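Inspection log for the structure reproduced underneath, given as structure tokens.
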Amino acid sequence: MKRRMIMISTSIILIMILSLTLIGCDKIGSSINKLNPELLSDINSVSINADTLKTKYYVGETLKTIELVVGHKDSTVSFDTVSYKNVIGFDTSTPGDRIMQVAYKGFLIDVPISVSIRNFETIEDVIILKNSTPTEYLVQEEFKGAKIRIFSGEFALDIDVDSSMLIGFSTKEVGIFPVTIDYYGNYAQFSIIVINPVVELSNYMPVYEYKRDAEYIPHKLYIKKKVGEELIDIDISMLDGFDTTTLGKKKITVSYMGHYTTYEILVTDFDPIT
């Protein structure tokens with residue numbers, strides 16, 4: 001009987017400690033496991049300790065470590081931390097409001113953040129990205145360099161970034177891509193824009209002669225770009241001036257991504273010459 005009373009008393013004490021822990025920990029963004037509930041059957045909730053959550057950032061600022069409160073099905077609570085590797089959508093390369101997601105063992109928590117501009121000289125963070133860093137690239141262009149500023153107490157040091165410090169840098173495709181700079185475990189993030197501008201357009205084997213009221217016969221458009229070239233199919237929506245309801249010569253304009261090329265057709269009452 002004495003042993004049983006001790007076990008009951010111990011259980012009551014553990015429950016009281018757990019309750020005090022939960023009361024003293026301000027949690028936000030609680031999430032249930034909607035992604036892969038079978039991954040960890042003993043976890044039934046994940047939330048963020050608000051005391052560790054930073055939602056206002058400055059341009060170039062890096063992600064602050066976030067503490068998670070993990071609830072288990074046996075009514076116990078554990079704590080864990082996440083860094084940028086567990087976060088989706090964190091980007092401080094430009095000012096504005098956005099949503100980042102904290103991912104933890106199948107759980108996702110949406111967190112709104114705001115990014116604003118502040119003078120670099122007043123920032124006290126460990127590492128920041130400097131404004132002189134190039135962010136626009138051509139397809140297949142090599143890394144053009146970047147500059148970061150490292151803070152240590154009252155001192156600041158500007159560092160030239162080399163390609164060995166980069167995570168996620170690629171210019172193989174057109175688009176906007178996030179890049180992470182890893183400087184001895186300190187991280188700065190920014191986005192690059194990869195473009196491949198059109199240099200020249202020309203019509204490839206168009207039909208020059210049409211019979212009255214004939215429909216457009218598709219041809220191809222030759223596109224010379226800064227890097228490479230390609231042929232694409234032209235549809236009627238890309239044409240301006242195509243009209244076979246009246247006879248005579250017609251000037252046709254083909255437009256593509258803000259660029260233009262022209263050719264002429266002849267509309268007659270006779271069958272086209274083959």
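As shown in the structure tokens, the chain order sets the letters A, B, ...; within each chain, residues go from 1, and ligands are also counted from 1 in the order they appear.
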Please return, as a list in words, all residues of stretch 16-236 of chain A that DSSP assigns to helix (DSSP H, G or I) on the basis of the backbone. Met16, Ile17, Leu18, Ser19, Leu20, Thr21, Leu22, Ile23, Gly24, Ala50, Asp51, Thr52, Tyr84, Lys85, Asn86, Phe120, Glu121, Thr122, Ser163, Ser164, Met165 and Ile236 of chain A
Output N, CA and C atoms of each residue in that selection to a file, as a PDB file, in the first residue's frame.
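Ended up saving to result30.pdb:
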ATOM      1  N   MET A  16       1.728  18.090 -12.208  1.00  0.00           N
ATOM      2  CA  MET A  16       1.831  19.500 -11.818  1.00  0.00           C
ATOM      3  C   MET A  16       2.988  20.186 -12.522  1.00  0.00           C
ATOM      4  N   ILE A  17       4.138  19.511 -12.626  1.00  0.00           N
ATOM      5  CA  ILE A  17       5.308  20.074 -13.318  1.00  0.00           C
ATOM      6  C   ILE A  17       5.003  20.313 -14.778  1.00  0.00           C
ATOM      7  N   LEU A  18       4.343  19.347 -15.424  1.00  0.00           N
ATOM      8  CA  LEU A  18       3.985  19.486 -16.832  1.00  0.00           C
ATOM      9  C   LEU A  18       3.049  20.653 -17.038  1.00  0.00           C
ATOM     10  N   SER A  19       2.067  20.824 -16.134  1.00  0.00           N
ATOM     11  CA  SER A  19       1.112  21.925 -16.252  1.00  0.00           C
ATOM     12  C   SER A  19       1.805  23.259 -16.117  1.00  0.00           C
ATOM     13  N   LEU A  20       2.727  23.376 -15.143  1.00  0.00           N
ATOM     14  CA  LEU A  20       3.465  24.625 -14.963  1.00  0.00           C
ATOM     15  C   LEU A  20       4.325  24.938 -16.160  1.00  0.00           C
ATOM     16  N   THR A  21       4.912  23.902 -16.775  1.00  0.00           N
ATOM     17  CA  THR A  21       5.741  24.097 -17.970  1.00  0.00           C
ATOM     18  C   THR A  21       4.921  24.676 -19.103  1.00  0.00           C
ATOM     19  N   LEU A  22       3.725  24.136 -19.300  1.00  0.00           N
ATOM     20  CA  LEU A  22       2.880  24.604 -20.403  1.00  0.00           C
ATOM     21  C   LEU A  22       2.367  25.999 -20.150  1.00  0.00           C
ATOM     22  N   ILE A  23       2.054  26.319 -18.863  1.00  0.00           N
ATOM     23  CA  ILE A  23       1.550  27.654 -18.541  1.00  0.00           C
ATOM     24  C   ILE A  23       2.637  28.684 -18.745  1.00  0.00           C
ATOM     25  N   GLY A  24       3.866  28.350 -18.389  1.00  0.00           N
ATOM     26  CA  GLY A  24       4.957  29.310 -18.468  1.00  0.00           C
ATOM     27  C   GLY A  24       5.533  29.466 -19.851  1.00  0.00           C
ATOM     28  N   ALA A  50       6.848  31.481 -28.427  1.00  0.00           N
ATOM     29  CA  ALA A  50       6.821  32.854 -28.941  1.00  0.00           C
ATOM     30  C   ALA A  50       8.032  33.666 -28.519  1.00  0.00           C
ATOM     31  N   ASP A  51       8.630  33.320 -27.379  1.00  0.00           N
ATOM     32  CA  ASP A  51       9.797  34.066 -26.903  1.00  0.00           C
ATOM     33  C   ASP A  51      11.002  33.900 -27.828  1.00  0.00           C
ATOM     34  N   THR A  52      10.990  32.855 -28.645  1.00  0.00           N
ATOM     35  CA  THR A  52      12.127  32.597 -29.531  1.00  0.00           C
ATOM     36  C   THR A  52      11.805  32.942 -30.982  1.00  0.00           C
ATOM     37  N   TYR A  84      17.464  27.375 -40.380  1.00  0.00           N
ATOM     38  CA  TYR A  84      16.986  27.664 -41.725  1.00  0.00           C
ATOM     39  C   TYR A  84      16.718  26.401 -42.531  1.00  0.00           C
ATOM     40  N   LYS A  85      17.364  25.283 -42.204  1.00  0.00           N
ATOM     41  CA  LYS A  85      17.170  24.050 -42.960  1.00  0.00           C
ATOM     42  C   LYS A  85      15.765  23.485 -42.787  1.00  0.00           C
ATOM     43  N   ASN A  86      15.092  23.892 -41.709  1.00  0.00           N
ATOM     44  CA  ASN A  86      13.739  23.411 -41.436  1.00  0.00           C
ATOM     45  C   ASN A  86      12.665  24.427 -41.825  1.00  0.00           C
ATOM     46  N   PHE A 120      22.820  49.557 -43.059  1.00  0.00           N
ATOM     47  CA  PHE A 120      23.716  48.470 -42.695  1.00  0.00           C
ATOM     48  C   PHE A 120      24.584  48.812 -41.478  1.00  0.00           C
ATOM     49  N   GLU A 121      24.949  50.075 -41.335  1.00  0.00           N
ATOM     50  CA  GLU A 121      25.872  50.442 -40.275  1.00  0.00           C
ATOM     51  C   GLU A 121      25.255  50.264 -38.885  1.00  0.00           C
ATOM     52  N   THR A 122      23.910  50.188 -38.809  1.00  0.00           N
ATOM     53  CA  THR A 122      23.279  50.089 -37.496  1.00  0.00           C
ATOM     54  C   THR A 122      22.875  48.669 -37.135  1.00  0.00           C
ATOM     55  N   SER A 163      32.301  30.815 -54.402  1.00  0.00           N
ATOM     56  CA  SER A 163      31.281  29.821 -54.748  1.00  0.00           C
ATOM     57  C   SER A 163      31.218  28.663 -53.759  1.00  0.00           C
ATOM     58  N   SER A 164      32.306  28.396 -53.037  1.00  0.00           N
ATOM     59  CA  SER A 164      32.325  27.290 -52.077  1.00  0.00           C
ATOM     60  C   SER A 164      31.412  27.553 -50.882  1.00  0.00           C
ATOM     61  N   MET A 165      31.026  28.808 -50.688  1.00  0.00           N
ATOM     62  CA  MET A 165      30.153  29.156 -49.561  1.00  0.00           C
ATOM     63  C   MET A 165      28.670  29.074 -49.920  1.00  0.00           C
ATOM     64  N   ILE A 236      -2.196  31.963 -83.768  1.00  0.00           N
ATOM     65  CA  ILE A 236      -2.845  33.167 -84.278  1.00  0.00           C
ATOM     66  C   ILE A 236      -2.840  34.304 -83.266  1.00  0.00           C
TER      67      ILE A 236
END
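The residue that comes closest to A:Glu200, out of A:Gln140, A:Thr246, A:Thr261, A:Thr180 and on the basis of only C-alpha atoms, is A:Thr261.
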DSSP on the backbone: what in stretch 17-247 of chain A comes out strand (DSSP E), as a ChimeraX atom specification? /A:27-31,43-49,56-58,66-72,77-82,87-88,96-104,107-116,127-129,136-138,146-152,155-161,166-167,175-183,186-195,198-204,209-211,220-225,229-233,239-240
Store the residues of this selection in a file with C-alpha atoms, as an mmCIF file, in the first residue's frame.
data_model
loop_
_atom_site.group_PDB
_atom_site.id
_atom_site.type_symbol
_atom_site.label_atom_id
_atom_site.label_comp_id
_atom_site.auth_asym_id
_atom_site.auth_seq_id
_atom_site.Cartn_x
_atom_site.Cartn_y
_atom_site.Cartn_z
ATOM 1 C CA LYS A 27 3.106 28.940 -27.645
ATOM 2 C CA ILE A 28 1.931 30.107 -31.041
ATOM 3 C CA GLY A 29 1.390 28.522 -34.407
ATOM 4 C CA SER A 30 0.350 25.154 -33.037
ATOM 5 C CA SER A 31 -0.017 22.578 -35.794
ATOM 6 C CA ILE A 43 3.677 13.194 -31.368
ATOM 7 C CA ASN A 44 0.283 14.861 -31.550
ATOM 8 C CA SER A 45 1.167 18.576 -31.671
ATOM 9 C CA VAL A 46 3.992 20.983 -32.438
ATOM 10 C CA SER A 47 3.983 24.671 -31.542
ATOM 11 C CA ILE A 48 6.432 27.570 -31.431
ATOM 12 C CA ASN A 49 7.707 29.206 -28.274
ATOM 13 C CA LYS A 56 10.341 41.363 -38.065
ATOM 14 C CA TYR A 57 13.522 41.229 -40.130
ATOM 15 C CA TYR A 58 15.691 43.667 -42.036
ATOM 16 C CA ILE A 66 13.257 28.932 -33.285
ATOM 17 C CA GLU A 67 12.354 26.791 -30.287
ATOM 18 C CA LEU A 68 9.537 24.261 -30.684
ATOM 19 C CA VAL A 69 7.283 22.783 -28.027
ATOM 20 C CA VAL A 70 6.513 19.171 -28.951
ATOM 21 C CA GLY A 71 3.470 17.506 -27.393
ATOM 22 C CA HIS A 72 3.361 13.732 -27.090
ATOM 23 C CA VAL A 77 6.306 17.679 -23.558
ATOM 24 C CA SER A 78 9.748 17.972 -25.129
ATOM 25 C CA PHE A 79 11.620 20.865 -26.717
ATOM 26 C CA ASP A 80 13.583 21.136 -29.934
ATOM 27 C CA THR A 81 15.059 23.866 -32.120
ATOM 28 C CA VAL A 82 14.981 24.502 -35.836
ATOM 29 C CA VAL A 87 12.142 26.570 -42.831
ATOM 30 C CA ILE A 88 10.392 27.047 -46.175
ATOM 31 C CA GLY A 96 7.814 43.177 -47.886
ATOM 32 C CA ASP A 97 5.437 40.849 -46.045
ATOM 33 C CA ARG A 98 5.526 37.098 -46.639
ATOM 34 C CA ILE A 99 4.682 33.733 -45.100
ATOM 35 C CA MET A 100 7.383 31.276 -44.056
ATOM 36 C CA GLN A 101 6.661 27.719 -42.956
ATOM 37 C CA VAL A 102 8.372 25.849 -40.150
ATOM 38 C CA ALA A 103 8.641 22.153 -41.039
ATOM 39 C CA TYR A 104 9.220 19.621 -38.286
ATOM 40 C CA PHE A 107 4.278 19.117 -39.228
ATOM 41 C CA LEU A 108 3.952 22.519 -40.959
ATOM 42 C CA ILE A 109 3.399 25.831 -39.167
ATOM 43 C CA ASP A 110 2.681 29.037 -41.112
ATOM 44 C CA VAL A 111 4.447 32.130 -39.737
ATOM 45 C CA PRO A 112 3.955 35.633 -41.215
ATOM 46 C CA ILE A 113 7.090 37.780 -41.304
ATOM 47 C CA SER A 114 7.827 41.329 -42.466
ATOM 48 C CA VAL A 115 11.087 42.535 -44.019
ATOM 49 C CA SER A 116 12.109 46.205 -44.024
ATOM 50 C CA ILE A 127 26.065 38.346 -40.711
ATOM 51 C CA ILE A 128 24.297 40.436 -43.356
ATOM 52 C CA LEU A 129 24.280 40.593 -47.149
ATOM 53 C CA GLU A 136 20.616 39.162 -61.811
ATOM 54 C CA TYR A 137 22.217 36.438 -63.937
ATOM 55 C CA LEU A 138 22.072 35.117 -67.470
ATOM 56 C CA ALA A 146 28.816 38.696 -53.242
ATOM 57 C CA LYS A 147 29.758 40.616 -50.127
ATOM 58 C CA ILE A 148 28.719 39.947 -46.571
ATOM 59 C CA ARG A 149 29.417 41.873 -43.411
ATOM 60 C CA ILE A 150 30.333 39.939 -40.263
ATOM 61 C CA PHE A 151 29.768 41.519 -36.846
ATOM 62 C CA SER A 152 31.661 40.626 -33.704
ATOM 63 C CA PHE A 155 33.798 45.338 -34.902
ATOM 64 C CA ALA A 156 32.553 44.653 -38.445
ATOM 65 C CA LEU A 157 34.393 42.919 -41.265
ATOM 66 C CA ASP A 158 33.415 42.804 -44.959
ATOM 67 C CA ILE A 159 33.977 39.399 -46.585
ATOM 68 C CA ASP A 160 34.085 38.498 -50.284
ATOM 69 C CA VAL A 161 31.951 35.413 -50.891
ATOM 70 C CA LEU A 166 26.980 28.861 -51.650
ATOM 71 C CA ILE A 167 24.032 26.526 -51.183
ATOM 72 C CA GLY A 175 13.506 31.853 -62.909
ATOM 73 C CA ILE A 176 13.944 33.168 -59.375
ATOM 74 C CA PHE A 177 15.936 30.947 -57.029
ATOM 75 C CA PRO A 178 16.879 31.202 -53.314
ATOM 76 C CA VAL A 179 20.582 31.086 -52.450
ATOM 77 C CA THR A 180 22.134 30.583 -49.022
ATOM 78 C CA ILE A 181 25.602 31.768 -48.015
ATOM 79 C CA ASP A 182 27.267 29.603 -45.358
ATOM 80 C CA TYR A 183 30.109 31.373 -43.567
ATOM 81 C CA ASN A 186 26.465 31.676 -40.052
ATOM 82 C CA TYR A 187 23.942 32.060 -42.845
ATOM 83 C CA ALA A 188 22.729 34.846 -45.127
ATOM 84 C CA GLN A 189 20.028 34.305 -47.740
ATOM 85 C CA PHE A 190 19.039 36.109 -50.929
ATOM 86 C CA SER A 191 17.386 35.375 -54.271
ATOM 87 C CA ILE A 192 18.846 35.480 -57.769
ATOM 88 C CA ILE A 193 16.928 36.181 -60.967
ATOM 89 C CA VAL A 194 18.083 34.135 -63.960
ATOM 90 C CA ILE A 195 17.164 35.524 -67.381
ATOM 91 C CA VAL A 198 15.829 37.584 -76.687
ATOM 92 C CA VAL A 199 18.345 39.121 -79.106
ATOM 93 C CA GLU A 200 16.624 38.569 -82.462
ATOM 94 C CA LEU A 201 13.389 37.179 -83.942
ATOM 95 C CA SER A 202 12.717 35.970 -87.469
ATOM 96 C CA ASN A 203 10.001 33.987 -89.240
ATOM 97 C CA TYR A 204 10.872 30.447 -90.204
ATOM 98 C CA GLU A 209 0.234 33.582 -100.232
ATOM 99 C CA TYR A 210 -3.330 32.917 -99.115
ATOM 100 C CA LYS A 211 -6.666 32.533 -100.841
ATOM 101 C CA LYS A 220 7.582 28.686 -86.682
ATOM 102 C CA LEU A 221 9.433 31.535 -85.059
ATOM 103 C CA TYR A 222 13.227 31.471 -84.854
ATOM 104 C CA ILE A 223 14.431 32.964 -81.568
ATOM 105 C CA LYS A 224 18.047 33.914 -81.029
ATOM 106 C CA LYS A 225 18.767 34.436 -77.343
ATOM 107 C CA GLU A 229 18.519 29.608 -79.876
ATOM 108 C CA GLU A 230 15.204 27.827 -80.421
ATOM 109 C CA LEU A 231 12.257 27.356 -82.773
ATOM 110 C CA ILE A 232 8.725 27.665 -81.420
ATOM 111 C CA ASP A 233 5.298 27.257 -82.993
ATOM 112 C CA LEU A 239 -0.138 37.774 -84.898
ATOM 113 C CA ASP A 240 -1.334 41.294 -85.595
#
